[in-house]
file protein11.csv (CSV, C-alpha atoms)
chain,number,residue,atom,x,y,z
A,1,MET,CA,-14.0,3.6,-15.1
A,2,PRO,CA,-11.5,3.1,-18.0
A,3,THR,CA,-11.2,-0.5,-19.1
A,4,ASP,CA,-10.2,-2.5,-22.2
A,5,LEU,CA,-13.9,-3.5,-22.7
A,6,VAL,CA,-15.1,-3.1,-26.2
A,7,ASP,CA,-18.2,-0.9,-26.9
A,8,ASP,CA,-20.6,-3.9,-26.9
A,9,GLN,CA,-19.3,-5.1,-23.5
A,10,ARG,CA,-19.7,-1.6,-22.0
A,11,THR,CA,-23.2,-1.5,-23.4
A,12,GLY,CA,-23.9,-4.9,-21.9
A,13,LEU,CA,-22.5,-3.8,-18.5
A,14,GLU,CA,-24.8,-0.8,-18.5
A,15,GLN,CA,-27.7,-3.1,-19.3
A,16,VAL,CA,-26.8,-5.3,-16.3
A,17,LEU,CA,-26.8,-2.2,-14.1
A,18,GLU,CA,-30.2,-1.2,-15.4
A,19,GLU,CA,-31.5,-4.7,-14.5
A,20,ILE,CA,-30.0,-4.4,-11.0
A,21,ARG,CA,-31.9,-1.1,-10.5
A,22,ALA,CA,-35.1,-2.6,-11.9
A,23,HIS,CA,-34.9,-5.6,-9.5
A,24,ALA,CA,-33.4,-3.8,-6.5
A,25,GLY,CA,-36.3,-4.9,-4.2
A,26,GLU,CA,-35.9,-8.6,-5.2
A,27,LEU,CA,-32.2,-8.5,-4.8
A,28,ALA,CA,-32.6,-7.1,-1.2
A,29,THR,CA,-34.9,-10.0,-0.1
A,30,SER,CA,-34.2,-13.0,-2.4
A,31,ASP,CA,-31.9,-16.0,-1.8
A,32,ARG,CA,-30.8,-16.0,-5.5
A,33,LEU,CA,-30.1,-13.7,-8.3
A,34,PRO,CA,-33.1,-12.6,-10.4
A,35,GLY,CA,-33.2,-14.4,-13.7
A,36,ALA,CA,-33.2,-11.1,-15.6
A,37,VAL,CA,-29.9,-10.1,-14.0
A,38,VAL,CA,-28.3,-13.5,-14.8
A,39,ARG,CA,-29.4,-13.3,-18.4
A,40,ALA,CA,-28.1,-9.8,-18.8
A,41,SER,CA,-24.8,-10.8,-17.2
A,42,LEU,CA,-24.5,-13.7,-19.6
A,43,ASP,CA,-25.3,-11.6,-22.6
A,44,ALA,CA,-22.7,-9.0,-21.5
A,45,GLY,CA,-20.1,-11.7,-21.1
A,46,LEU,CA,-19.5,-10.7,-17.4
A,47,TYR,CA,-19.1,-14.3,-16.2
A,48,ARG,CA,-16.3,-15.0,-18.7
A,49,LEU,CA,-14.1,-11.9,-18.3
A,50,CYS,CA,-11.3,-14.3,-17.0
A,51,LEU,CA,-12.0,-17.1,-19.4
A,52,ALA,CA,-9.0,-18.0,-21.5
A,53,GLY,CA,-9.2,-16.4,-25.0
A,54,GLU,CA,-8.9,-19.8,-26.7
A,55,LEU,CA,-12.2,-20.7,-25.0
A,56,GLY,CA,-14.1,-17.6,-26.0
A,57,GLY,CA,-12.9,-15.2,-23.3
A,58,PRO,CA,-12.6,-11.5,-24.2
A,59,ARG,CA,-8.9,-11.2,-23.0
A,60,VAL,CA,-9.7,-8.4,-20.6
A,61,PRO,CA,-6.7,-7.5,-18.4
A,62,LEU,CA,-7.2,-8.4,-14.7
A,63,PRO,CA,-7.3,-4.9,-13.3
A,64,ASP,CA,-10.1,-4.0,-15.7
A,65,SER,CA,-12.1,-7.1,-14.6
A,66,VAL,CA,-11.5,-5.9,-11.0
A,67,SER,CA,-13.0,-2.5,-11.9
A,68,VAL,CA,-16.0,-4.1,-13.6
A,69,ILE,CA,-16.7,-6.1,-10.4
A,70,GLU,CA,-16.3,-3.1,-8.2
A,71,LYS,CA,-18.9,-1.2,-10.3
A,72,LEU,CA,-21.3,-4.1,-10.1
A,73,SER,CA,-20.8,-4.3,-6.4
A,74,TYR,CA,-21.5,-0.6,-6.0
A,75,ALA,CA,-24.9,-1.3,-7.6
A,76,ASP,CA,-25.4,-4.6,-5.7
A,77,GLY,CA,-23.0,-6.6,-3.6
A,78,SER,CA,-24.5,-10.0,-4.4
A,79,VAL,CA,-24.3,-9.4,-8.2
A,80,GLY,CA,-20.6,-8.4,-7.8
A,81,TRP,CA,-19.8,-11.4,-5.6
A,82,CYS,CA,-21.3,-13.9,-8.0
A,83,THR,CA,-19.6,-12.3,-10.9
A,84,ALA,CA,-16.2,-12.5,-9.1
A,85,VAL,CA,-16.7,-16.2,-8.2
A,86,ALA,CA,-17.8,-17.1,-11.7
A,87,ASN,CA,-14.6,-15.5,-13.1
A,88,VAL,CA,-12.3,-17.3,-10.7
A,89,GLY,CA,-13.8,-20.6,-11.8
A,90,ALA,CA,-13.6,-19.6,-15.5
A,91,ALA,CA,-9.9,-18.8,-15.1
A,92,LEU,CA,-9.2,-22.3,-13.6
A,93,LEU,CA,-10.5,-23.9,-16.8
A,94,ALA,CA,-7.0,-23.3,-18.3
A,95,GLY,CA,-5.7,-25.9,-15.8
A,96,ILE,CA,-7.8,-28.9,-17.0
A,97,ASP,CA,-7.2,-30.9,-20.1
A,98,GLU,CA,-7.7,-28.6,-23.1
A,99,ALA,CA,-10.3,-30.9,-24.8
A,100,GLN,CA,-12.3,-31.1,-21.6
A,101,ALA,CA,-12.0,-27.3,-21.2
A,102,ARG,CA,-13.4,-26.8,-24.7
A,103,GLN,CA,-16.3,-29.1,-23.8
A,104,VAL,CA,-17.1,-27.2,-20.6
A,105,ALA,CA,-16.9,-23.9,-22.5
A,106,ALA,CA,-18.6,-25.1,-25.7
A,107,GLU,CA,-21.1,-22.3,-25.4
A,108,PRO,CA,-19.1,-19.6,-23.7
A,109,GLY,CA,-22.0,-17.1,-23.8
A,110,GLN,CA,-24.0,-19.4,-21.5
A,111,LEU,CA,-21.1,-20.4,-19.2
A,112,CYS,CA,-21.7,-19.7,-15.5
A,113,ILE,CA,-19.5,-21.4,-12.9
A,114,ALA,CA,-20.2,-21.7,-9.2
A,115,GLY,CA,-19.2,-24.1,-6.5
A,116,GLY,CA,-16.9,-24.8,-3.5
A,117,PHE,CA,-13.1,-24.6,-3.7
A,118,PRO,CA,-12.1,-26.3,-0.4
A,119,PRO,CA,-11.5,-30.1,-0.7
A,120,ALA,CA,-14.7,-31.1,1.0
A,121,GLY,CA,-15.4,-34.0,-1.4
A,122,ARG,CA,-13.8,-37.4,-1.9
A,123,GLY,CA,-13.0,-38.9,-5.3
A,124,HIS,CA,-11.8,-42.4,-5.9
A,125,GLN,CA,-10.1,-43.0,-9.2
A,126,VAL,CA,-11.5,-45.8,-11.4
A,127,GLY,CA,-9.7,-46.0,-14.7
A,128,ASP,CA,-9.6,-42.5,-16.3
A,129,SER,CA,-12.3,-41.1,-14.0
A,130,TYR,CA,-13.1,-40.2,-10.4
A,131,ARG,CA,-16.2,-41.2,-8.6
A,132,LEU,CA,-17.0,-37.9,-6.7
A,133,THR,CA,-19.0,-37.6,-3.6
A,134,GLY,CA,-19.2,-34.5,-1.3
A,135,HIS,CA,-21.0,-31.8,0.5
A,136,TRP,CA,-19.9,-28.2,-0.2
A,137,SER,CA,-21.0,-25.1,1.7
A,138,PHE,CA,-21.1,-21.5,0.5
A,139,ALA,CA,-21.6,-22.4,-3.2
A,140,SER,CA,-22.2,-18.8,-4.3
A,141,GLY,CA,-24.2,-18.5,-7.5
A,142,CYS,CA,-25.2,-22.2,-7.6
A,143,THR,CA,-28.8,-21.4,-8.5
A,144,ALA,CA,-27.7,-19.8,-11.8
A,145,ALA,CA,-24.7,-22.1,-12.5
A,146,THR,CA,-24.4,-24.2,-15.6
A,147,TRP,CA,-21.2,-25.9,-14.3
A,148,LEU,CA,-20.0,-26.5,-10.7
A,149,LEU,CA,-16.5,-26.5,-9.4
A,150,ALA,CA,-15.9,-28.9,-6.5
A,151,GLY,CA,-12.8,-29.3,-4.4
A,152,PHE,CA,-12.0,-32.8,-3.3
A,153,LEU,CA,-9.3,-35.2,-2.1
A,154,ALA,CA,-8.5,-37.6,-4.9
A,155,THR,CA,-7.7,-41.2,-3.9
A,156,PRO,CA,-5.5,-42.7,-6.6
A,157,ALA,CA,-6.1,-46.1,-8.1
A,158,ASP,CA,-2.9,-47.3,-6.5
A,159,PRO,CA,-3.8,-48.3,-2.9
A,160,GLY,CA,-0.4,-47.0,-1.6
A,161,GLY,CA,-0.8,-43.6,-3.2
A,162,ALA,CA,-1.4,-40.5,-1.1
A,163,PRO,CA,-4.7,-38.4,-1.6
A,164,THR,CA,-4.2,-35.3,-3.7
A,165,PRO,CA,-6.3,-32.1,-3.3
A,166,LEU,CA,-7.9,-31.3,-6.7
A,167,VAL,CA,-10.9,-29.4,-8.1
A,168,ALA,CA,-13.3,-30.9,-10.5
A,169,PHE,CA,-15.7,-29.4,-13.0
A,170,LEU,CA,-19.1,-31.1,-13.4
A,171,PRO,CA,-22.5,-30.1,-14.9
A,172,ALA,CA,-24.7,-28.3,-12.5
A,173,ASP,CA,-27.5,-30.8,-12.9
A,174,GLN,CA,-25.3,-33.5,-11.4
A,175,ALA,CA,-25.5,-31.8,-8.0
A,176,ARG,CA,-28.4,-31.2,-5.6
A,177,ILE,CA,-28.8,-27.8,-4.0
A,178,VAL,CA,-29.6,-27.7,-0.2
A,179,PRO,CA,-31.4,-24.4,0.3
A,180,ASN,CA,-30.0,-23.1,3.6
A,181,TRP,CA,-28.5,-19.7,2.8
A,182,GLU,CA,-30.2,-17.7,5.5
A,183,VAL,CA,-27.8,-14.8,6.4
A,184,ILE,CA,-27.7,-11.1,7.2
A,185,GLY,CA,-25.9,-10.0,4.0
A,186,LEU,CA,-25.2,-11.0,0.4
A,187,GLY,CA,-28.5,-12.9,0.5
A,188,ALA,CA,-29.0,-12.9,-3.3
A,189,THR,CA,-25.7,-14.7,-3.9
A,190,GLY,CA,-27.7,-17.9,-3.2
A,191,SER,CA,-24.6,-19.4,-1.5
A,192,HIS,CA,-26.5,-22.6,-0.5
A,193,ASP,CA,-24.9,-26.0,0.1
A,194,VAL,CA,-24.5,-28.4,-2.8
A,195,LEU,CA,-24.4,-32.2,-2.6
A,196,VAL,CA,-22.9,-34.6,-5.1
A,197,ASP,CA,-23.3,-38.4,-4.8
A,198,GLY,CA,-21.2,-40.6,-7.0
A,199,ALA,CA,-20.8,-38.4,-10.0
A,200,THR,CA,-18.4,-39.6,-12.7
A,201,VAL,CA,-15.7,-36.9,-13.5
A,202,PRO,CA,-13.0,-37.6,-16.1
A,203,VAL,CA,-9.5,-37.2,-14.7
A,204,GLY,CA,-8.8,-34.6,-17.4
A,205,ARG,CA,-11.6,-32.4,-16.0
A,206,THR,CA,-9.7,-31.9,-12.7
A,207,THR,CA,-6.8,-29.6,-11.7
A,208,PRO,CA,-4.9,-28.7,-8.6
A,209,LEU,CA,-5.7,-25.2,-7.3
A,210,VAL,CA,-2.0,-24.5,-6.9
A,211,GLY,CA,0.9,-25.5,-9.2
A,212,GLY,CA,-0.9,-27.2,-12.0
A,213,GLN,CA,0.1,-27.0,-15.7
A,214,ARG,CA,-1.6,-24.5,-17.9
A,215,TRP,CA,-2.0,-25.0,-21.7
A,216,SER,CA,-3.4,-21.6,-22.6
A,217,ALA,CA,-1.2,-18.7,-23.9
A,218,ASP,CA,-3.6,-16.1,-22.5
A,219,PRO,CA,-2.0,-14.2,-19.6
A,220,ILE,CA,-5.0,-15.0,-17.3
A,221,ALA,CA,-3.8,-18.6,-17.4
A,222,ALA,CA,-0.5,-17.6,-15.8
A,223,VAL,CA,-2.3,-16.0,-12.8
A,224,PRO,CA,-2.2,-18.4,-9.8
A,225,PHE,CA,-5.4,-19.1,-7.9
A,226,PHE,CA,-4.6,-17.0,-4.9
A,227,ALA,CA,-3.4,-14.1,-7.1
A,228,LEU,CA,-7.0,-13.9,-8.4
A,229,GLY,CA,-8.0,-12.5,-5.0
A,230,PRO,CA,-8.4,-8.9,-6.2
A,231,LEU,CA,-11.6,-10.0,-8.0
A,232,LEU,CA,-13.1,-10.7,-4.6
A,233,GLY,CA,-11.5,-7.6,-3.0
A,234,ALA,CA,-13.4,-5.4,-5.4
A,235,VAL,CA,-16.7,-6.4,-3.9
A,236,PRO,CA,-16.4,-4.8,-0.4
A,237,LEU,CA,-14.8,-1.7,-2.0
A,238,GLY,CA,-17.8,-1.2,-4.2
A,239,ILE,CA,-20.3,-1.8,-1.4
A,240,ALA,CA,-18.5,0.7,0.9
A,241,ALA,CA,-18.3,3.4,-1.8
A,242,ARG,CA,-22.1,3.1,-2.2
A,243,ALA,CA,-22.5,3.4,1.5
A,244,LEU,CA,-20.5,6.6,1.7
A,245,ASP,CA,-22.4,8.1,-1.3
A,246,GLU,CA,-25.7,7.2,0.2
A,247,LEU,CA,-24.6,8.8,3.5
A,248,LEU,CA,-23.5,12.0,1.7
A,249,VAL,CA,-27.0,12.4,0.2
A,250,LEU,CA,-28.6,11.9,3.6
A,251,ALA,CA,-26.2,14.3,5.4
A,252,ARG,CA,-27.3,17.2,3.2
A,253,THR,CA,-30.8,17.2,4.7
A,254,LYS,CA,-30.7,15.2,8.0
A,255,VAL,CA,-30.7,17.4,11.0
A,256,ARG,CA,-29.8,15.6,14.2
A,257,PHE,CA,-31.8,16.2,17.4
A,258,GLY,CA,-30.5,19.3,19.1
A,259,GLN,CA,-28.7,20.6,16.0
A,260,ALA,CA,-29.7,23.6,13.9
A,261,GLN,CA,-28.0,22.6,10.7
A,262,PRO,CA,-27.9,19.4,8.6
A,263,LEU,CA,-25.3,16.8,9.4
A,264,ILE,CA,-23.0,17.8,6.6
A,265,HIS,CA,-22.1,21.0,8.6
A,266,ASP,CA,-21.0,19.1,11.7
A,267,GLN,CA,-17.2,19.2,12.0
A,268,ARG,CA,-17.0,15.7,13.6
A,269,PHE,CA,-19.0,14.3,10.8
A,270,GLN,CA,-16.8,16.0,8.3
A,271,ASP,CA,-13.6,14.6,9.9
A,272,GLY,CA,-15.1,11.1,10.1
A,273,PHE,CA,-16.4,11.1,6.5
A,274,THR,CA,-13.3,12.4,4.9
A,275,ALA,CA,-11.1,9.9,6.9
A,276,ALA,CA,-13.3,7.0,5.8
A,277,ARG,CA,-13.3,8.2,2.1
A,278,VAL,CA,-9.5,8.7,2.0
A,279,ARG,CA,-8.8,5.3,3.7
A,280,LEU,CA,-11.2,3.6,1.2
A,281,SER,CA,-9.6,5.4,-1.8
A,282,ALA,CA,-6.1,4.3,-0.6
A,283,ALA,CA,-7.2,0.7,-0.2
A,284,ARG,CA,-8.8,0.8,-3.7
A,285,SER,CA,-5.6,2.2,-5.2
A,286,TYR,CA,-3.5,-0.4,-3.5
A,287,LEU,CA,-5.7,-3.2,-4.7
A,288,LEU,CA,-5.7,-2.0,-8.3
A,289,GLU,CA,-1.9,-1.5,-8.1
A,290,GLN,CA,-1.4,-5.0,-6.9
A,291,ALA,CA,-3.8,-6.4,-9.6
A,292,ALA,CA,-1.8,-4.5,-12.2
A,293,GLU,CA,1.5,-6.0,-10.9
A,294,VAL,CA,0.0,-9.5,-11.0
A,295,TRP,CA,-1.1,-8.8,-14.6
A,296,ARG,CA,2.2,-7.3,-15.6
A,297,THR,CA,4.1,-10.4,-14.4
A,298,ALA,CA,1.5,-12.7,-15.9
A,299,VAL,CA,2.0,-11.1,-19.3
A,300,ALA,CA,5.7,-11.6,-18.8
A,301,GLY,CA,5.1,-15.3,-18.1
A,302,THR,CA,5.4,-15.9,-14.4
A,303,VAL,CA,3.6,-14.4,-11.3
A,304,GLY,CA,6.1,-14.7,-8.5
A,305,PRO,CA,5.6,-14.9,-4.7
A,306,THR,CA,6.0,-11.2,-4.2
A,307,ALA,CA,3.2,-10.3,-6.6
A,308,GLN,CA,1.0,-13.1,-5.1
A,309,ALA,CA,1.7,-11.9,-1.6
A,310,GLY,CA,0.9,-8.3,-2.6
A,311,ALA,CA,-2.5,-9.3,-4.0
A,312,THR,CA,-3.4,-11.1,-0.8
A,313,LEU,CA,-2.3,-8.2,1.5
A,314,ALA,CA,-4.3,-5.8,-0.7
A,315,LEU,CA,-7.4,-7.9,0.2
A,316,GLY,CA,-6.9,-7.4,3.9
A,317,THR,CA,-6.4,-3.7,3.4
A,318,ALA,CA,-9.6,-3.5,1.3
A,319,ALA,CA,-11.6,-5.5,3.8
A,320,GLU,CA,-10.7,-3.4,6.8
A,321,ALA,CA,-11.2,-0.1,5.0
A,322,ALA,CA,-14.5,-1.2,3.5
A,323,VAL,CA,-16.0,-2.5,6.7
A,324,ALA,CA,-14.9,0.6,8.6
A,325,ALA,CA,-16.4,2.9,5.9
A,326,ALA,CA,-19.7,1.0,5.9
A,327,ARG,CA,-19.9,1.0,9.7
A,328,PHE,CA,-19.2,4.7,9.9
A,329,ALA,CA,-22.0,5.4,7.3
A,330,HIS,CA,-24.4,3.2,9.3
A,331,GLU,CA,-23.6,4.9,12.6
A,332,ALA,CA,-23.5,8.4,11.3
A,333,ALA,CA,-27.0,8.0,9.8
A,334,GLY,CA,-28.5,7.5,13.2
A,335,THR,CA,-32.0,6.1,13.2
A,336,ALA,CA,-32.2,6.4,9.4
A,337,SER,CA,-30.1,3.2,9.1
A,338,ILE,CA,-32.0,1.0,11.6
A,339,ARG,CA,-35.0,0.3,9.4
A,340,ALA,CA,-35.2,-3.0,7.6
A,341,ASP,CA,-35.2,-1.5,4.2
A,342,SER,CA,-32.2,0.8,4.8
A,343,VAL,CA,-29.6,0.7,2.1
A,344,LEU,CA,-27.0,1.7,4.6
A,345,ALA,CA,-27.9,-1.3,6.8
A,346,ARG,CA,-27.7,-3.6,3.8
A,347,CYS,CA,-24.3,-2.2,2.8
A,348,LEU,CA,-22.9,-2.8,6.3
A,349,ASN,CA,-24.2,-6.4,6.3
A,350,ASP,CA,-23.1,-7.1,2.8
A,351,ALA,CA,-19.6,-5.8,3.5
A,352,THR,CA,-19.4,-7.8,6.7
A,353,VAL,CA,-20.5,-11.1,5.1
A,354,ALA,CA,-18.1,-10.6,2.1
A,355,THR,CA,-15.1,-10.0,4.2
A,356,ARG,CA,-15.7,-13.2,6.3
A,357,HIS,CA,-14.6,-15.2,3.3
A,358,VAL,CA,-11.3,-17.1,3.9
A,359,ALA,CA,-9.6,-15.0,1.3
A,360,PHE,CA,-9.7,-12.0,3.7
A,361,SER,CA,-8.7,-14.0,6.8
A,362,PRO,CA,-5.8,-13.0,9.0
A,363,PHE,CA,-4.2,-16.4,8.3
A,364,ALA,CA,-4.1,-15.6,4.6
A,365,ARG,CA,-2.5,-12.2,5.3
A,366,GLN,CA,0.0,-13.8,7.7
A,367,ASN,CA,1.2,-16.2,5.0
A,368,ALA,CA,1.5,-13.4,2.5
A,369,GLY,CA,3.6,-11.5,5.0
A,370,ARG,CA,5.8,-14.6,5.5
A,371,LEU,CA,6.4,-14.7,1.8
A,372,LEU,CA,7.4,-11.1,1.6
A,373,LEU,CA,9.9,-11.8,4.5
A,374,GLY,CA,11.3,-14.8,2.7
A,375,LEU,CA,9.8,-17.3,5.1
A,376,PRO,CA,7.8,-20.4,4.0
A,377,PRO,CA,4.0,-20.3,4.3
A,378,GLU,CA,2.4,-22.1,7.2
A,379,GLN,CA,-0.2,-24.8,7.2
A,380,PRO,CA,-3.4,-24.1,9.2
A,381,ASP,CA,-2.0,-26.1,12.1
A,382,GLY,CA,1.0,-23.7,12.3
A,383,ARG,CA,3.6,-26.0,10.7
A,384,PRO,CA,5.8,-24.6,7.9
A,385,SER,CA,4.7,-26.0,4.5
call {"tool": "encode", "arguments": {"input": "protein11.csv", "output": "structure tokens"}}
result
Amino acid sequence: MPTDLVDDQRTGLEQVLEEIRAHAGELATSDRLPGAVVRASLDAGLYRLCLAGELGGPRVPLPDSVSVIEKLSYADGSVGWCTAVANVGAALLAGIDEAQARQVAAEPGQLCIAGGFPPAGRGHQVGDSYRLTGHWSFASGCTAATWLLAGFLATPADPGGAPTPLVAFLPADQARIVPNWEVIGLGATGSHDVLVDGATVPVGRTTPLVGGQRWSADPIAAVPFFALGPLLGAVPLGIAARALDELLVLARTKVRFGQAQPLIHDQRFQDGFTAARVRLSAARSYLLEQAAEVWRTAVAGTVGPTAQAGATLALGTAAEAAVAAARFAHEAAGTASIRADSVLARCLNDATVATRHVAFSPFARQNAGRLLLGLPPEQPDGRPS
């Protein structure tokens, strides 16, 4: 996996992978990441791959960050998912006031961002601050976070002004976690609900998800929010690659009822396995190609609609190929995959849960297609935006 990571970062990544292996049992059953995995990830700088260089980020190109997350997800989907979410949040710090961003990232080696991006909160402006209240679901990584990101509708001080969707950064201790993450996959992401009641957030610590000004000269700051999607797309790809590798090991020794030879010699299995592998590889190549195009245009200064649409469409391709591969592995394994501790069962469940995220939705892909066709994107109610 060639990346622009320096030797210390590569060593740190290997240490995280070691911790994942050491805590595999806990990761399979817990509703949060093990503390040892979080500490190793912080030490390796994995939660700040997409943090602007001026704030202590390592200036890693986006495609290399995608590859790192894919490798983490191969080892454990929950670890990969939380790393992706933390990096999306870190990238958005380039959109808030620079002085506020430097305060949030005052200790970049300890920075871990989680939260909810949809505008589920309400914030009323009082002077140079908002009074923020809200309830956010699916706050992946919230149990390990030092800062939370919260989407909200901002009510201006002027009574006649229209609400504006923004995201705010606030210390994690200003929110309360509602432990309700009881799901079939990605359990250790700890994607519980979080509540905020009347927190004071400076106006300068907020930013729009789309179209806001960026003060950083780091190319990551030029990457729009939705063009960061390949970070999430890497997760199901890594999970599915693990499923196929696990299946291949099993197929060398598993003999189906009524068969004389191991599964690997069955022609139907060979056809299905190679088809799944090729489709997954093609989806991976497309995702990395689109991430590279986003990065190329970010380095040039502007990520246009075509590059953004390509990144979104690559997510859909990755999701479909990953779920299909994980499902094939689960079914081909027969009774070996029906046990509660089956890695193949977990891979299928993790891939399924990951790809239910709105970033992988048909609506997102439809709007990406409209952009490529020169049409305006639609609102969720079907109206052109």
call {"tool": "residues_near_point", "arguments": {"input": "protein11.csv", "point": "(-0.2, -6.6, -4.2)", "cutoff": "12 Å", "atoms": "all atoms listed in the file", "output": "PDB file with C-alpha atoms, keeping the file's coordinate frame"}}
result
ATOM      1  CA  PRO A  63      -7.300  -4.900 -13.300  1.00  0.00           C
ATOM      2  CA  PHE A 226      -4.600 -17.000  -4.900  1.00  0.00           C
ATOM      3  CA  ALA A 227      -3.400 -14.100  -7.100  1.00  0.00           C
ATOM      4  CA  LEU A 228      -7.000 -13.900  -8.400  1.00  0.00           C
ATOM      5  CA  GLY A 229      -8.000 -12.500  -5.000  1.00  0.00           C
ATOM      6  CA  PRO A 230      -8.400  -8.900  -6.200  1.00  0.00           C
ATOM      7  CA  GLY A 233     -11.500  -7.600  -3.000  1.00  0.00           C
ATOM      8  CA  ALA A 283      -7.200   0.700  -0.200  1.00  0.00           C
ATOM      9  CA  ARG A 284      -8.800   0.800  -3.700  1.00  0.00           C
ATOM     10  CA  SER A 285      -5.600   2.200  -5.200  1.00  0.00           C
ATOM     11  CA  TYR A 286      -3.500  -0.400  -3.500  1.00  0.00           C
ATOM     12  CA  LEU A 287      -5.700  -3.200  -4.700  1.00  0.00           C
ATOM     13  CA  LEU A 288      -5.700  -2.000  -8.300  1.00  0.00           C
ATOM     14  CA  GLU A 289      -1.900  -1.500  -8.100  1.00  0.00           C
ATOM     15  CA  GLN A 290      -1.400  -5.000  -6.900  1.00  0.00           C
ATOM     16  CA  ALA A 291      -3.800  -6.400  -9.600  1.00  0.00           C
ATOM     17  CA  ALA A 292      -1.800  -4.500 -12.200  1.00  0.00           C
ATOM     18  CA  GLU A 293       1.500  -6.000 -10.900  1.00  0.00           C
ATOM     19  CA  VAL A 294       0.000  -9.500 -11.000  1.00  0.00           C
ATOM     20  CA  TRP A 295      -1.100  -8.800 -14.600  1.00  0.00           C
ATOM     21  CA  ARG A 296       2.200  -7.300 -15.600  1.00  0.00           C
ATOM     22  CA  THR A 297       4.100 -10.400 -14.400  1.00  0.00           C
ATOM     23  CA  VAL A 303       3.600 -14.400 -11.300  1.00  0.00           C
ATOM     24  CA  GLY A 304       6.100 -14.700  -8.500  1.00  0.00           C
ATOM     25  CA  PRO A 305       5.600 -14.900  -4.700  1.00  0.00           C
ATOM     26  CA  THR A 306       6.000 -11.200  -4.200  1.00  0.00           C
ATOM     27  CA  ALA A 307       3.200 -10.300  -6.600  1.00  0.00           C
ATOM     28  CA  GLN A 308       1.000 -13.100  -5.100  1.00  0.00           C
ATOM     29  CA  ALA A 309       1.700 -11.900  -1.600  1.00  0.00           C
ATOM     30  CA  GLY A 310       0.900  -8.300  -2.600  1.00  0.00           C
ATOM     31  CA  ALA A 311      -2.500  -9.300  -4.000  1.00  0.00           C
ATOM     32  CA  THR A 312      -3.400 -11.100  -0.800  1.00  0.00           C
ATOM     33  CA  LEU A 313      -2.300  -8.200   1.500  1.00  0.00           C
ATOM     34  CA  ALA A 314      -4.300  -5.800  -0.700  1.00  0.00           C
ATOM     35  CA  LEU A 315      -7.400  -7.900   0.200  1.00  0.00           C
ATOM     36  CA  GLY A 316      -6.900  -7.400   3.900  1.00  0.00           C
ATOM     37  CA  THR A 317      -6.400  -3.700   3.400  1.00  0.00           C
ATOM     38  CA  ALA A 318      -9.600  -3.500   1.300  1.00  0.00           C
ATOM     39  CA  ARG A 365      -2.500 -12.200   5.300  1.00  0.00           C
ATOM     40  CA  ALA A 368       1.500 -13.400   2.500  1.00  0.00           C
ATOM     41  CA  GLY A 369       3.600 -11.500   5.000  1.00  0.00           C
ATOM     42  CA  LEU A 372       7.400 -11.100   1.600  1.00  0.00           C
TER      43      LEU A 372
END
call {"tool": "atom_distance", "arguments": {"input": "protein11.csv", "atom1": "CA of Ala251 (chain A)", "atom2": "CA of Ala22 (chain A)"}}
result
25.8 Å
call {"tool": "closest_residue", "arguments": {"input": "protein11.csv", "among": "A:Cys347, A:Ala28, A:Val196, A:Ala240", "to": "Pro171 (chain A)", "atoms": "all atoms listed in the file"}}
result
A:Val196
call {"tool": "residues_around", "arguments": {"input": "protein11.csv", "residues": "Ala241 (chain A)", "least_positions_apart": "6", "cutoff": "9 Å", "atoms": "all atoms listed in the file", "output": "list of chain:residue names"}}
result
A:Tyr74, A:Arg277, A:Leu280, A:Ser281, A:Ala322, A:Ala325, A:Ala326
call {"tool": "residues_around", "arguments": {"input": "protein11.csv", "residues": "Ile264 (chain A)", "least_positions_apart": "2", "cutoff": "10 Å", "atoms": "only C-alpha atoms", "output": "VMD selection string"}}
result
chain A and resid 247 to 255 261 to 262 266 to 270 273
call {"tool": "residues_around", "arguments": {"input": "protein11.csv", "residues": "Val323 (chain A)", "least_positions_apart": "6", "cutoff": "8 Å", "atoms": "all atoms listed in the file", "output": "ChimeraX atom specification"}}
result
/A:236,240,348,351-352,355
call {"tool": "closest_residue", "arguments": {"input": "protein11.csv", "among": "A:Ala139, A:Ala217, A:Val353, A:Leu149", "to": "Asp193 (chain A)", "atoms": "only C-alpha atoms"}}
result
A:Ala139
call {"tool": "atom_distance", "arguments": {"input": "protein11.csv", "atom1": "CA of Val358 (chain A)", "atom2": "CA of Leu111 (chain A)"}}
result
25.3 Å
